[in-house]
Amino acid sequence: MGRRPHVLIIPFPAQGHVTPLMKFAYQISDHGIKVTFVNSDFIHEKLVATLPDEDEARSRIGLASIPDGLGPGEEDRKDSLKWTDSILRVMPGHLKELIEKVNNSNDDEKITCVIADTAVGWALEVAEKMGIESVAFCPFGPGSLALVFHIPRLIEAGHVNGIDGSLLNEELICLAKDIPAFSSNRLPWSCPSDVTVQEILFGLALQCIPAMNLPNWLLCNSVYELDSSACDLIPNILPIGPLLASNHLAHYAGNFWPEDSTCISWLDKQPAGSVIYVAFGSLAILSQHQFNELALGIELVGRPFLWVVRSDFADGSAAEYPDGFIERVAEHGKIVSWAPQEEVLAHPSVACFLSHCGWNSTMDGIGVGVPFLCWPYFADQFHNQSYICDKWKVGLGLNPDENGFISRHEIKKKIEKLVSDDGIKANAEKLKEMARKSVSEGGSSYENFKTFIEAMKH
């Protein structure tokens, strides 16, 4: 019997990147592949703190970490420029040392492949220089990935500024007939309010390009049939989604915050198709005024709701609820700081998903056929909304008022419209079937994944 394949997986250090790669790690470990999952020390500590001591994940997947060059606290990482500079400067050398240490300690468990997030292209370069097979993993959708792939041509043609990625003219970027067009403020790296952040996001997009030109594989948490036009524009892409944690462990080891599982027993007590699930992912922050409008909008609907409110959700700190809100909604509302999202969305009592449209949430919702109310925050989320509302027709968007705020009345109106729209529900059901079929035997994602596993073992 030959050596067991040993794969090292490294995500970009952010929740939306760790999540799909951790789900993928579980999936390949089910097929007899040894996995070492490498985070920054800072993220590693967060993950381990959310795991029960005797968790099965610890024995299933090796959790390792390397320094990102910054201190132990959160504060340093709020300076995006300092943080991304430090990652690029410090982490490649530490990754090389970790691989050497593993490879020198046991001949039978040498790392045979490095699978890295496209946003950490440097990890793929480290693997290549060490003569180890490298595989790229894209944590966002094929539409945004196709745009990133075209950046060099768009710069050459004079459409895009090569420093900050801004459009040099007001023309829409149309990559193909079936891909929603990109406008100047809806590019995956757009951040009109902060030029420095936009330059950093554009720099991360540029980092993805070498990963896409590798001769091997480019894995993606998507379904070919959902977005075949974009997939056809990307060489070597292998859509293997939707990736689901629910197929694997009782405790999912990819969260930065402990999941509040009491929301499942709460959902059990609600009528079928009645609950509004509200969750904005790990990064979105609302002003206190906008937070109040959201709270009062949910209350106005009068339906049961489950709302995920992180401790830093309002202006980067704990939110203050409108006067009397908590008392008024006590009978029909539940607020948690983090939820087991896949389990929540699959629950029969959930009617719709008020979402920031991050790619992981988009795939989670599509996988269970839940209609979306879209409230994108930044990066690729605006383009994901275009897919959800305009291409797939499984959701509605929210329109800001003349002051740029989304009012409580707009929230109430759109939720009521969404939950009574049979066409949207039917479309969501169709996409759910398409996603289910893709991961079932003979389906496109199933076959792609099988091809990949066979190649890893060969």
# chains A, B, ... in the order shown; residues from 1 in each chain; ligands from 1
call {"tool": "closest_atom_pairs", "arguments": {"of": "stretch 5-95 of chain A", "to": "stretch 218-229 of chain A", "cutoff": "12 Å", "atoms": "only C-alpha atoms", "output": "tab-separated table"}}
result
residue	atom	partner	partner_atom	distance
A:Gly16	CA	A:Asn221	CA	12.0
A:His17	CA	A:Asn221	CA	11.0
A:Thr19	CA	A:Asn221	CA	10.8
A:Pro20	CA	A:Asn221	CA	7.2
A:Leu21	CA	A:Asn221	CA	9.1
A:Met22	CA	A:Asn221	CA	11.8
A:Lys23	CA	A:Asn221	CA	10.0
A:Phe24	CA	A:Asn221	CA	8.9
call {"tool": "select_by_dssp", "arguments": {"residues": "stretch 5-249 of chain A", "states": "strand (DSSP E or B)", "output": "PDB file with N, CA and C atoms, in the first residue's frame"}}
result
ATOM      1  N   HIS A   6      -1.255  13.493   1.929  1.00  0.00           N
ATOM      2  CA  HIS A   6      -1.324  14.453   3.032  1.00  0.00           C
ATOM      3  C   HIS A   6      -1.453  15.858   2.426  1.00  0.00           C
ATOM      4  N   VAL A   7      -2.608  16.468   2.654  1.00  0.00           N
ATOM      5  CA  VAL A   7      -2.901  17.768   2.054  1.00  0.00           C
ATOM      6  C   VAL A   7      -2.819  18.857   3.115  1.00  0.00           C
ATOM      7  N   LEU A   8      -2.131  19.943   2.778  1.00  0.00           N
ATOM      8  CA  LEU A   8      -2.109  21.109   3.665  1.00  0.00           C
ATOM      9  C   LEU A   8      -3.048  22.166   3.067  1.00  0.00           C
ATOM     10  N   ILE A   9      -3.974  22.668   3.861  1.00  0.00           N
ATOM     11  CA  ILE A   9      -4.966  23.649   3.376  1.00  0.00           C
ATOM     12  C   ILE A   9      -4.735  24.979   4.084  1.00  0.00           C
ATOM     13  N   ILE A  10      -4.658  26.062   3.312  1.00  0.00           N
ATOM     14  CA  ILE A  10      -4.449  27.375   3.934  1.00  0.00           C
ATOM     15  C   ILE A  10      -5.414  28.427   3.374  1.00  0.00           C
ATOM     16  N   LYS A  34      -5.295  12.617   4.550  1.00  0.00           N
ATOM     17  CA  LYS A  34      -4.879  13.314   5.780  1.00  0.00           C
ATOM     18  C   LYS A  34      -4.861  14.828   5.497  1.00  0.00           C
ATOM     19  N   VAL A  35      -5.436  15.611   6.408  1.00  0.00           N
ATOM     20  CA  VAL A  35      -5.528  17.065   6.195  1.00  0.00           C
ATOM     21  C   VAL A  35      -4.891  17.804   7.366  1.00  0.00           C
ATOM     22  N   THR A  36      -4.024  18.763   7.046  1.00  0.00           N
ATOM     23  CA  THR A  36      -3.537  19.723   8.038  1.00  0.00           C
ATOM     24  C   THR A  36      -4.055  21.092   7.616  1.00  0.00           C
ATOM     25  N   PHE A  37      -4.829  21.724   8.495  1.00  0.00           N
ATOM     26  CA  PHE A  37      -5.471  23.011   8.189  1.00  0.00           C
ATOM     27  C   PHE A  37      -4.681  24.116   8.889  1.00  0.00           C
ATOM     28  N   VAL A  38      -4.145  25.058   8.108  1.00  0.00           N
ATOM     29  CA  VAL A  38      -3.234  26.064   8.661  1.00  0.00           C
ATOM     30  C   VAL A  38      -3.874  27.449   8.687  1.00  0.00           C
ATOM     31  N   ASN A  39      -4.044  27.981   9.893  1.00  0.00           N
ATOM     32  CA  ASN A  39      -4.515  29.352  10.066  1.00  0.00           C
ATOM     33  C   ASN A  39      -3.394  30.224  10.613  1.00  0.00           C
ATOM     34  N   SER A  40      -3.641  31.538  10.664  1.00  0.00           N
ATOM     35  CA  SER A  40      -2.738  32.406  11.421  1.00  0.00           C
ATOM     36  C   SER A  40      -2.949  32.079  12.901  1.00  0.00           C
ATOM     37  N   GLY A  62      -5.885  17.875  11.271  1.00  0.00           N
ATOM     38  CA  GLY A  62      -4.825  18.512  12.047  1.00  0.00           C
ATOM     39  C   GLY A  62      -4.965  20.018  11.953  1.00  0.00           C
ATOM     40  N   LEU A  63      -5.055  20.704  13.093  1.00  0.00           N
ATOM     41  CA  LEU A  63      -5.150  22.164  13.096  1.00  0.00           C
ATOM     42  C   LEU A  63      -3.776  22.727  13.458  1.00  0.00           C
ATOM     43  N   ALA A  64      -3.177  23.485  12.550  1.00  0.00           N
ATOM     44  CA  ALA A  64      -1.856  24.071  12.795  1.00  0.00           C
ATOM     45  C   ALA A  64      -1.943  25.580  12.590  1.00  0.00           C
ATOM     46  N   SER A  65      -0.905  26.301  13.019  1.00  0.00           N
ATOM     47  CA  SER A  65      -0.949  27.753  12.822  1.00  0.00           C
ATOM     48  C   SER A  65       0.446  28.325  12.639  1.00  0.00           C
ATOM     49  N   ILE A  66       0.477  29.506  12.001  1.00  0.00           N
ATOM     50  CA  ILE A  66       1.737  30.242  11.797  1.00  0.00           C
ATOM     51  C   ILE A  66       1.470  31.719  12.109  1.00  0.00           C
ATOM     52  N   CYS A 113       0.431  17.791  -1.203  1.00  0.00           N
ATOM     53  CA  CYS A 113      -0.281  18.827  -1.967  1.00  0.00           C
ATOM     54  C   CYS A 113      -0.618  20.003  -1.042  1.00  0.00           C
ATOM     55  N   VAL A 114      -0.507  21.222  -1.557  1.00  0.00           N
ATOM     56  CA  VAL A 114      -0.956  22.424  -0.830  1.00  0.00           C
ATOM     57  C   VAL A 114      -2.181  22.978  -1.551  1.00  0.00           C
ATOM     58  N   ILE A 115      -3.283  23.081  -0.798  1.00  0.00           N
ATOM     59  CA  ILE A 115      -4.498  23.685  -1.354  1.00  0.00           C
ATOM     60  C   ILE A 115      -4.653  25.046  -0.691  1.00  0.00           C
ATOM     61  N   ALA A 116      -4.582  26.112  -1.490  1.00  0.00           N
ATOM     62  CA  ALA A 116      -4.614  27.456  -0.913  1.00  0.00           C
ATOM     63  C   ALA A 116      -5.714  28.305  -1.529  1.00  0.00           C
ATOM     64  N   ASP A 117      -6.304  29.109  -0.679  1.00  0.00           N
ATOM     65  CA  ASP A 117      -7.258  30.137  -1.070  1.00  0.00           C
ATOM     66  C   ASP A 117      -6.627  30.998  -2.181  1.00  0.00           C
ATOM     67  N   GLU A 133       2.872  19.726  -5.242  1.00  0.00           N
ATOM     68  CA  GLU A 133       1.711  20.043  -6.075  1.00  0.00           C
ATOM     69  C   GLU A 133       0.862  21.115  -5.397  1.00  0.00           C
ATOM     70  N   SER A 134       0.365  22.061  -6.197  1.00  0.00           N
ATOM     71  CA  SER A 134      -0.450  23.121  -5.610  1.00  0.00           C
ATOM     72  C   SER A 134      -1.803  23.219  -6.311  1.00  0.00           C
ATOM     73  N   VAL A 135      -2.827  23.485  -5.508  1.00  0.00           N
ATOM     74  CA  VAL A 135      -4.202  23.580  -6.006  1.00  0.00           C
ATOM     75  C   VAL A 135      -4.815  24.858  -5.441  1.00  0.00           C
ATOM     76  N   ALA A 136      -5.470  25.631  -6.291  1.00  0.00           N
ATOM     77  CA  ALA A 136      -6.112  26.861  -5.828  1.00  0.00           C
ATOM     78  C   ALA A 136      -7.584  26.592  -5.491  1.00  0.00           C
ATOM     79  N   PHE A 137      -8.080  27.304  -4.489  1.00  0.00           N
ATOM     80  CA  PHE A 137      -9.495  27.185  -4.087  1.00  0.00           C
ATOM     81  C   PHE A 137     -10.087  28.582  -4.060  1.00  0.00           C
ATOM     82  N   CYS A 138     -11.170  28.787  -4.806  1.00  0.00           N
ATOM     83  CA  CYS A 138     -11.797  30.107  -4.846  1.00  0.00           C
ATOM     84  C   CYS A 138     -13.003  30.151  -3.898  1.00  0.00           C
ATOM     85  N   VAL A 160      -9.825  49.831 -16.868  1.00  0.00           N
ATOM     86  CA  VAL A 160      -9.632  49.764 -15.415  1.00  0.00           C
ATOM     87  C   VAL A 160      -8.277  50.357 -15.036  1.00  0.00           C
ATOM     88  N   LEU A 167     -12.986  52.098 -12.489  1.00  0.00           N
ATOM     89  CA  LEU A 167     -13.275  52.145 -13.926  1.00  0.00           C
ATOM     90  C   LEU A 167     -12.868  53.503 -14.477  1.00  0.00           C
ATOM     91  N   ILE A 173     -19.126  46.781 -17.511  1.00  0.00           N
ATOM     92  CA  ILE A 173     -18.284  45.671 -17.983  1.00  0.00           C
ATOM     93  C   ILE A 173     -19.181  44.447 -18.171  1.00  0.00           C
ATOM     94  N   PHE A 182     -21.108  44.517 -14.642  1.00  0.00           N
ATOM     95  CA  PHE A 182     -20.494  45.190 -13.490  1.00  0.00           C
ATOM     96  C   PHE A 182     -20.506  46.700 -13.731  1.00  0.00           C
ATOM     97  N   LEU A 218      -8.390  24.489 -10.188  1.00  0.00           N
ATOM     98  CA  LEU A 218      -8.956  25.659  -9.525  1.00  0.00           C
ATOM     99  C   LEU A 218     -10.342  25.237  -9.030  1.00  0.00           C
ATOM    100  N   LEU A 219     -10.423  24.939  -7.723  1.00  0.00           N
ATOM    101  CA  LEU A 219     -11.684  24.466  -7.146  1.00  0.00           C
ATOM    102  C   LEU A 219     -12.565  25.650  -6.781  1.00  0.00           C
ATOM    103  N   CYS A 220     -13.875  25.442  -6.837  1.00  0.00           N
ATOM    104  CA  CYS A 220     -14.782  26.549  -6.561  1.00  0.00           C
ATOM    105  C   CYS A 220     -16.050  26.040  -5.876  1.00  0.00           C
ATOM    106  N   ILE A 237     -11.266  25.427 -14.106  1.00  0.00           N
ATOM    107  CA  ILE A 237     -12.168  25.546 -12.949  1.00  0.00           C
ATOM    108  C   ILE A 237     -12.909  24.226 -12.720  1.00  0.00           C
ATOM    109  N   LEU A 238     -13.080  23.909 -11.450  1.00  0.00           N
ATOM    110  CA  LEU A 238     -13.767  22.677 -11.068  1.00  0.00           C
ATOM    111  C   LEU A 238     -14.802  23.023  -9.986  1.00  0.00           C
ATOM    112  N   PRO A 239     -16.058  23.332 -10.370  1.00  0.00           N
ATOM    113  CA  PRO A 239     -17.071  23.640  -9.361  1.00  0.00           C
ATOM    114  C   PRO A 239     -17.446  22.369  -8.594  1.00  0.00           C
TER     115      PRO A 239
END
call {"tool": "residues_around", "arguments": {"residues": "A:Ala176", "least_positions_apart": "3", "cutoff": "10 Å", "atoms": "only C-alpha atoms", "output": "PDB file with N, CA and C atoms, in the first residue's frame"}}
result
ATOM      1  N   GLY A 143     -18.706  34.268 -11.185  1.00  0.00           N
ATOM      2  CA  GLY A 143     -18.895  35.553 -11.880  1.00  0.00           C
ATOM      3  C   GLY A 143     -17.808  36.543 -11.503  1.00  0.00           C
ATOM      4  N   ALA A 146     -14.411  35.321 -12.777  1.00  0.00           N
ATOM      5  CA  ALA A 146     -14.217  35.581 -14.217  1.00  0.00           C
ATOM      6  C   ALA A 146     -13.764  37.028 -14.436  1.00  0.00           C
ATOM      7  N   ILE A 173     -19.126  46.781 -17.511  1.00  0.00           N
ATOM      8  CA  ILE A 173     -18.284  45.671 -17.983  1.00  0.00           C
ATOM      9  C   ILE A 173     -19.181  44.447 -18.171  1.00  0.00           C
ATOM     10  N   ILE A 179     -23.911  36.755 -17.714  1.00  0.00           N
ATOM     11  CA  ILE A 179     -23.277  37.232 -16.477  1.00  0.00           C
ATOM     12  C   ILE A 179     -23.743  38.664 -16.230  1.00  0.00           C
ATOM     13  N   PRO A 180     -24.370  38.954 -15.075  1.00  0.00           N
ATOM     14  CA  PRO A 180     -24.802  40.331 -14.823  1.00  0.00           C
ATOM     15  C   PRO A 180     -23.635  41.306 -15.005  1.00  0.00           C
ATOM     16  N   ALA A 181     -23.927  42.459 -15.621  1.00  0.00           N
ATOM     17  CA  ALA A 181     -22.871  43.439 -15.907  1.00  0.00           C
ATOM     18  C   ALA A 181     -22.359  44.077 -14.610  1.00  0.00           C
ATOM     19  N   SER A 229     -21.903  30.163 -17.835  1.00  0.00           N
ATOM     20  CA  SER A 229     -21.227  31.181 -18.676  1.00  0.00           C
ATOM     21  C   SER A 229     -19.932  31.658 -18.034  1.00  0.00           C
ATOM     22  N   ALA A 230     -19.978  31.905 -16.710  1.00  0.00           N
ATOM     23  CA  ALA A 230     -18.762  32.366 -16.019  1.00  0.00           C
ATOM     24  C   ALA A 230     -17.745  31.235 -15.925  1.00  0.00           C
ATOM     25  N   ASP A 232     -17.262  28.834 -17.923  1.00  0.00           N
ATOM     26  CA  ASP A 232     -16.660  28.590 -19.241  1.00  0.00           C
ATOM     27  C   ASP A 232     -15.548  29.590 -19.577  1.00  0.00           C
ATOM     28  N   LEU A 233     -15.508  30.717 -18.851  1.00  0.00           N
ATOM     29  CA  LEU A 233     -14.475  31.728 -19.101  1.00  0.00           C
ATOM     30  C   LEU A 233     -13.197  31.479 -18.283  1.00  0.00           C
TER      31      LEU A 233
END
call {"tool": "select_by_dssp", "arguments": {"residues": "stretch 81-247 of chain A", "states": "helix (DSSP H, G or I)", "output": "PyMOL selection string"}}
result
chain A and resi 81-105+107-109+118-129+142-149+151-156+195-212+224-226+228-231
call {"tool": "write_last_selection", "arguments": {"atoms": "C-alpha atoms", "output": "PDB file, in the first residue's frame"}}
result
ATOM      1  CA  LEU A  81      -2.938  48.055   5.229  1.00  0.00           C
ATOM      2  CA  LYS A  82      -0.663  47.101   8.152  1.00  0.00           C
ATOM      3  CA  TRP A  83      -2.368  43.685   8.399  1.00  0.00           C
ATOM      4  CA  THR A  84      -2.189  42.697   4.713  1.00  0.00           C
ATOM      5  CA  ASP A  85       1.411  43.972   4.468  1.00  0.00           C
ATOM      6  CA  SER A  86       2.378  41.885   7.481  1.00  0.00           C
ATOM      7  CA  ILE A  87       0.693  38.751   6.059  1.00  0.00           C
ATOM      8  CA  LEU A  88       2.626  39.082   2.782  1.00  0.00           C
ATOM      9  CA  ARG A  89       5.915  39.819   4.520  1.00  0.00           C
ATOM     10  CA  VAL A  90       5.780  37.238   7.317  1.00  0.00           C
ATOM     11  CA  MET A  91       3.559  34.273   6.496  1.00  0.00           C
ATOM     12  CA  PRO A  92       5.288  32.779   3.396  1.00  0.00           C
ATOM     13  CA  GLY A  93       8.531  32.146   5.333  1.00  0.00           C
ATOM     14  CA  HIS A  94       6.677  30.578   8.263  1.00  0.00           C
ATOM     15  CA  LEU A  95       4.637  28.379   5.910  1.00  0.00           C
ATOM     16  CA  LYS A  96       7.837  27.099   4.295  1.00  0.00           C
ATOM     17  CA  GLU A  97       9.266  26.286   7.772  1.00  0.00           C
ATOM     18  CA  LEU A  98       6.065  24.458   8.783  1.00  0.00           C
ATOM     19  CA  ILE A  99       6.121  22.304   5.629  1.00  0.00           C
ATOM     20  CA  GLU A 100       9.821  21.468   6.159  1.00  0.00           C
ATOM     21  CA  LYS A 101       9.127  20.557   9.793  1.00  0.00           C
ATOM     22  CA  VAL A 102       6.249  18.215   8.820  1.00  0.00           C
ATOM     23  CA  ASN A 103       8.196  16.655   5.967  1.00  0.00           C
ATOM     24  CA  ASN A 104      11.294  16.050   8.091  1.00  0.00           C
ATOM     25  CA  SER A 105       9.409  14.507  10.992  1.00  0.00           C
ATOM     26  CA  ASP A 107       8.614  10.049   5.861  1.00  0.00           C
ATOM     27  CA  ASP A 108       5.197   8.422   5.515  1.00  0.00           C
ATOM     28  CA  GLU A 109       3.247  11.621   6.114  1.00  0.00           C
ATOM     29  CA  THR A 118      -6.855  32.226  -4.248  1.00  0.00           C
ATOM     30  CA  ALA A 119      -6.408  35.278  -1.951  1.00  0.00           C
ATOM     31  CA  VAL A 120      -3.184  33.744  -0.577  1.00  0.00           C
ATOM     32  CA  GLY A 121      -1.475  33.181  -3.908  1.00  0.00           C
ATOM     33  CA  TRP A 122       1.876  33.400  -2.042  1.00  0.00           C
ATOM     34  CA  ALA A 123       1.144  29.983  -0.440  1.00  0.00           C
ATOM     35  CA  LEU A 124       0.868  28.427  -3.898  1.00  0.00           C
ATOM     36  CA  GLU A 125       4.209  30.034  -4.833  1.00  0.00           C
ATOM     37  CA  VAL A 126       5.818  28.535  -1.694  1.00  0.00           C
ATOM     38  CA  ALA A 127       4.519  25.076  -2.683  1.00  0.00           C
ATOM     39  CA  GLU A 128       5.712  25.471  -6.257  1.00  0.00           C
ATOM     40  CA  LYS A 129       9.237  26.462  -5.156  1.00  0.00           C
ATOM     41  CA  PRO A 142     -17.455  32.218 -10.651  1.00  0.00           C
ATOM     42  CA  GLY A 143     -18.895  35.553 -11.880  1.00  0.00           C
ATOM     43  CA  SER A 144     -16.513  37.592  -9.709  1.00  0.00           C
ATOM     44  CA  LEU A 145     -13.691  35.148 -10.456  1.00  0.00           C
ATOM     45  CA  ALA A 146     -14.217  35.581 -14.217  1.00  0.00           C
ATOM     46  CA  LEU A 147     -13.916  39.370 -13.757  1.00  0.00           C
ATOM     47  CA  VAL A 148     -10.677  38.946 -11.765  1.00  0.00           C
ATOM     48  CA  PHE A 149      -9.311  36.693 -14.525  1.00  0.00           C
ATOM     49  CA  ILE A 151      -8.280  42.265 -15.020  1.00  0.00           C
ATOM     50  CA  PRO A 152      -5.035  42.286 -17.105  1.00  0.00           C
ATOM     51  CA  ARG A 153      -7.057  42.641 -20.326  1.00  0.00           C
ATOM     52  CA  LEU A 154      -9.291  45.339 -18.804  1.00  0.00           C
ATOM     53  CA  ILE A 155      -6.215  47.333 -17.696  1.00  0.00           C
ATOM     54  CA  GLU A 156      -4.633  46.904 -21.146  1.00  0.00           C
ATOM     55  CA  VAL A 195      -9.630  54.476  -1.246  1.00  0.00           C
ATOM     56  CA  THR A 196      -7.013  52.610   0.847  1.00  0.00           C
ATOM     57  CA  VAL A 197      -9.371  49.673   1.443  1.00  0.00           C
ATOM     58  CA  GLN A 198     -10.235  49.629  -2.276  1.00  0.00           C
ATOM     59  CA  GLU A 199      -6.523  49.454  -3.170  1.00  0.00           C
ATOM     60  CA  ILE A 200      -6.050  46.566  -0.692  1.00  0.00           C
ATOM     61  CA  LEU A 201      -9.073  44.666  -2.090  1.00  0.00           C
ATOM     62  CA  PHE A 202      -7.840  45.255  -5.639  1.00  0.00           C
ATOM     63  CA  GLY A 203      -4.372  44.020  -4.579  1.00  0.00           C
ATOM     64  CA  LEU A 204      -5.951  40.824  -3.203  1.00  0.00           C
ATOM     65  CA  ALA A 205      -7.830  40.399  -6.502  1.00  0.00           C
ATOM     66  CA  LEU A 206      -4.543  40.756  -8.418  1.00  0.00           C
ATOM     67  CA  GLN A 207      -3.032  38.077  -6.136  1.00  0.00           C
ATOM     68  CA  CYS A 208      -5.667  35.628  -7.370  1.00  0.00           C
ATOM     69  CA  ILE A 209      -4.501  35.861 -10.995  1.00  0.00           C
ATOM     70  CA  PRO A 210      -1.301  33.746 -10.705  1.00  0.00           C
ATOM     71  CA  ALA A 211      -3.369  31.101  -8.862  1.00  0.00           C
ATOM     72  CA  MET A 212      -5.751  30.979 -11.822  1.00  0.00           C
ATOM     73  CA  TYR A 224     -21.629  24.548 -12.873  1.00  0.00           C
ATOM     74  CA  GLU A 225     -25.280  24.754 -13.969  1.00  0.00           C
ATOM     75  CA  LEU A 226     -25.863  27.853 -11.792  1.00  0.00           C
ATOM     76  CA  SER A 228     -22.037  27.968 -16.702  1.00  0.00           C
ATOM     77  CA  SER A 229     -21.227  31.181 -18.676  1.00  0.00           C
ATOM     78  CA  ALA A 230     -18.762  32.366 -16.019  1.00  0.00           C
ATOM     79  CA  CYS A 231     -17.301  28.875 -15.504  1.00  0.00           C
TER      80      CYS A 231
END
call {"tool": "closest_atom_pairs", "arguments": {"of": "stretch 355-400 of chain A", "to": "stretch 265-287 of chain A", "cutoff": "9 Å", "atoms": "only C-alpha atoms", "output": "JSON lines"}}
result
{"residue": "A:Ser355", "atom": "CA", "partner": "A:Phe280", "partner_atom": "CA", "distance": 5.5}
{"residue": "A:His356", "atom": "CA", "partner": "A:Phe280", "partner_atom": "CA", "distance": 4.8}
{"residue": "A:Cys357", "atom": "CA", "partner": "A:Phe280", "partner_atom": "CA", "distance": 8.0}
{"residue": "A:Gly358", "atom": "CA", "partner": "A:Gly281", "partner_atom": "CA", "distance": 7.2}
{"residue": "A:Ser361", "atom": "CA", "partner": "A:Gly281", "partner_atom": "CA", "distance": 7.8}
{"residue": "A:Trp375", "atom": "CA", "partner": "A:Phe280", "partner_atom": "CA", "distance": 8.3}
{"residue": "A:Pro376", "atom": "CA", "partner": "A:Phe280", "partner_atom": "CA", "distance": 8.5}
{"residue": "A:Tyr377", "atom": "CA", "partner": "A:Ala284", "partner_atom": "CA", "distance": 6.0}
{"residue": "A:Phe378", "atom": "CA", "partner": "A:Ala284", "partner_atom": "CA", "distance": 8.0}
call {"tool": "write_last_selection", "arguments": {"atoms": "C-alpha atoms", "output": "mmCIF file, in the first residue's frame"}}
result
data_model
loop_
_atom_site.group_PDB
_atom_site.id
_atom_site.type_symbol
_atom_site.label_atom_id
_atom_site.label_comp_id
_atom_site.auth_asym_id
_atom_site.auth_seq_id
_atom_site.Cartn_x
_atom_site.Cartn_y
_atom_site.Cartn_z
ATOM 1 C CA SER A 355 -28.745 38.511 4.016
ATOM 2 C CA HIS A 356 -25.602 40.514 3.186
ATOM 3 C CA CYS A 357 -25.227 38.176 0.146
ATOM 4 C CA GLY A 358 -21.757 36.870 0.973
ATOM 5 C CA SER A 361 -24.521 32.567 2.651
ATOM 6 C CA TRP A 375 -28.681 43.891 1.737
ATOM 7 C CA PRO A 376 -25.089 43.720 0.389
ATOM 8 C CA TYR A 377 -22.333 45.408 2.383
ATOM 9 C CA PHE A 378 -19.134 45.331 0.280
#
call {"tool": "decode", "arguments": {"residues": "stretch 89-105 of chain A", "atoms": "N, CA and C atoms", "output": "PDB file, in the first residue's frame"}}
result
ATOM      1  N   ARG A  89       4.503  39.767   4.142  1.00  0.00           N
ATOM      2  CA  ARG A  89       5.915  39.819   4.520  1.00  0.00           C
ATOM      3  C   ARG A  89       6.327  38.613   5.372  1.00  0.00           C
ATOM      4  N   VAL A  90       5.406  38.188   6.270  1.00  0.00           N
ATOM      5  CA  VAL A  90       5.780  37.238   7.317  1.00  0.00           C
ATOM      6  C   VAL A  90       5.341  35.791   7.055  1.00  0.00           C
ATOM      7  N   MET A  91       4.127  35.625   6.529  1.00  0.00           N
ATOM      8  CA  MET A  91       3.559  34.273   6.496  1.00  0.00           C
ATOM      9  C   MET A  91       4.231  33.311   5.503  1.00  0.00           C
ATOM     10  N   PRO A  92       4.670  33.755   4.316  1.00  0.00           N
ATOM     11  CA  PRO A  92       5.288  32.779   3.396  1.00  0.00           C
ATOM     12  C   PRO A  92       6.480  32.042   4.014  1.00  0.00           C
ATOM     13  N   GLY A  93       7.359  32.773   4.719  1.00  0.00           N
ATOM     14  CA  GLY A  93       8.531  32.146   5.333  1.00  0.00           C
ATOM     15  C   GLY A  93       8.131  31.130   6.400  1.00  0.00           C
ATOM     16  N   HIS A  94       7.135  31.492   7.211  1.00  0.00           N
ATOM     17  CA  HIS A  94       6.677  30.578   8.263  1.00  0.00           C
ATOM     18  C   HIS A  94       5.999  29.340   7.671  1.00  0.00           C
ATOM     19  N   LEU A  95       5.284  29.529   6.553  1.00  0.00           N
ATOM     20  CA  LEU A  95       4.637  28.379   5.910  1.00  0.00           C
ATOM     21  C   LEU A  95       5.697  27.397   5.403  1.00  0.00           C
ATOM     22  N   LYS A  96       6.743  27.944   4.797  1.00  0.00           N
ATOM     23  CA  LYS A  96       7.837  27.099   4.295  1.00  0.00           C
ATOM     24  C   LYS A  96       8.450  26.287   5.455  1.00  0.00           C
ATOM     25  N   GLU A  97       8.689  26.964   6.590  1.00  0.00           N
ATOM     26  CA  GLU A  97       9.266  26.286   7.772  1.00  0.00           C
ATOM     27  C   GLU A  97       8.343  25.172   8.283  1.00  0.00           C
ATOM     28  N   LEU A  98       7.031  25.460   8.307  1.00  0.00           N
ATOM     29  CA  LEU A  98       6.065  24.458   8.783  1.00  0.00           C
ATOM     30  C   LEU A  98       6.090  23.221   7.887  1.00  0.00           C
ATOM     31  N   ILE A  99       6.102  23.439   6.571  1.00  0.00           N
ATOM     32  CA  ILE A  99       6.121  22.304   5.629  1.00  0.00           C
ATOM     33  C   ILE A  99       7.398  21.486   5.817  1.00  0.00           C
ATOM     34  N   GLU A 100       8.543  22.180   5.964  1.00  0.00           N
ATOM     35  CA  GLU A 100       9.821  21.468   6.159  1.00  0.00           C
ATOM     36  C   GLU A 100       9.789  20.638   7.436  1.00  0.00           C
ATOM     37  N   LYS A 101       9.200  21.249   8.493  1.00  0.00           N
ATOM     38  CA  LYS A 101       9.127  20.557   9.793  1.00  0.00           C
ATOM     39  C   LYS A 101       8.286  19.279   9.661  1.00  0.00           C
ATOM     40  N   VAL A 102       7.129  19.387   9.007  1.00  0.00           N
ATOM     41  CA  VAL A 102       6.249  18.215   8.820  1.00  0.00           C
ATOM     42  C   VAL A 102       6.965  17.164   7.976  1.00  0.00           C
ATOM     43  N   ASN A 103       7.570  17.602   6.896  1.00  0.00           N
ATOM     44  CA  ASN A 103       8.196  16.655   5.967  1.00  0.00           C
ATOM     45  C   ASN A 103       9.443  15.971   6.543  1.00  0.00           C
ATOM     46  N   ASN A 104      10.100  16.657   7.490  1.00  0.00           N
ATOM     47  CA  ASN A 104      11.294  16.050   8.091  1.00  0.00           C
ATOM     48  C   ASN A 104      10.964  15.138   9.262  1.00  0.00           C
ATOM     49  N   SER A 105       9.731  15.271   9.778  1.00  0.00           N
ATOM     50  CA  SER A 105       9.409  14.507  10.992  1.00  0.00           C
ATOM     51  C   SER A 105       8.908  13.093  10.694  1.00  0.00           C
TER      52      SER A 105
END
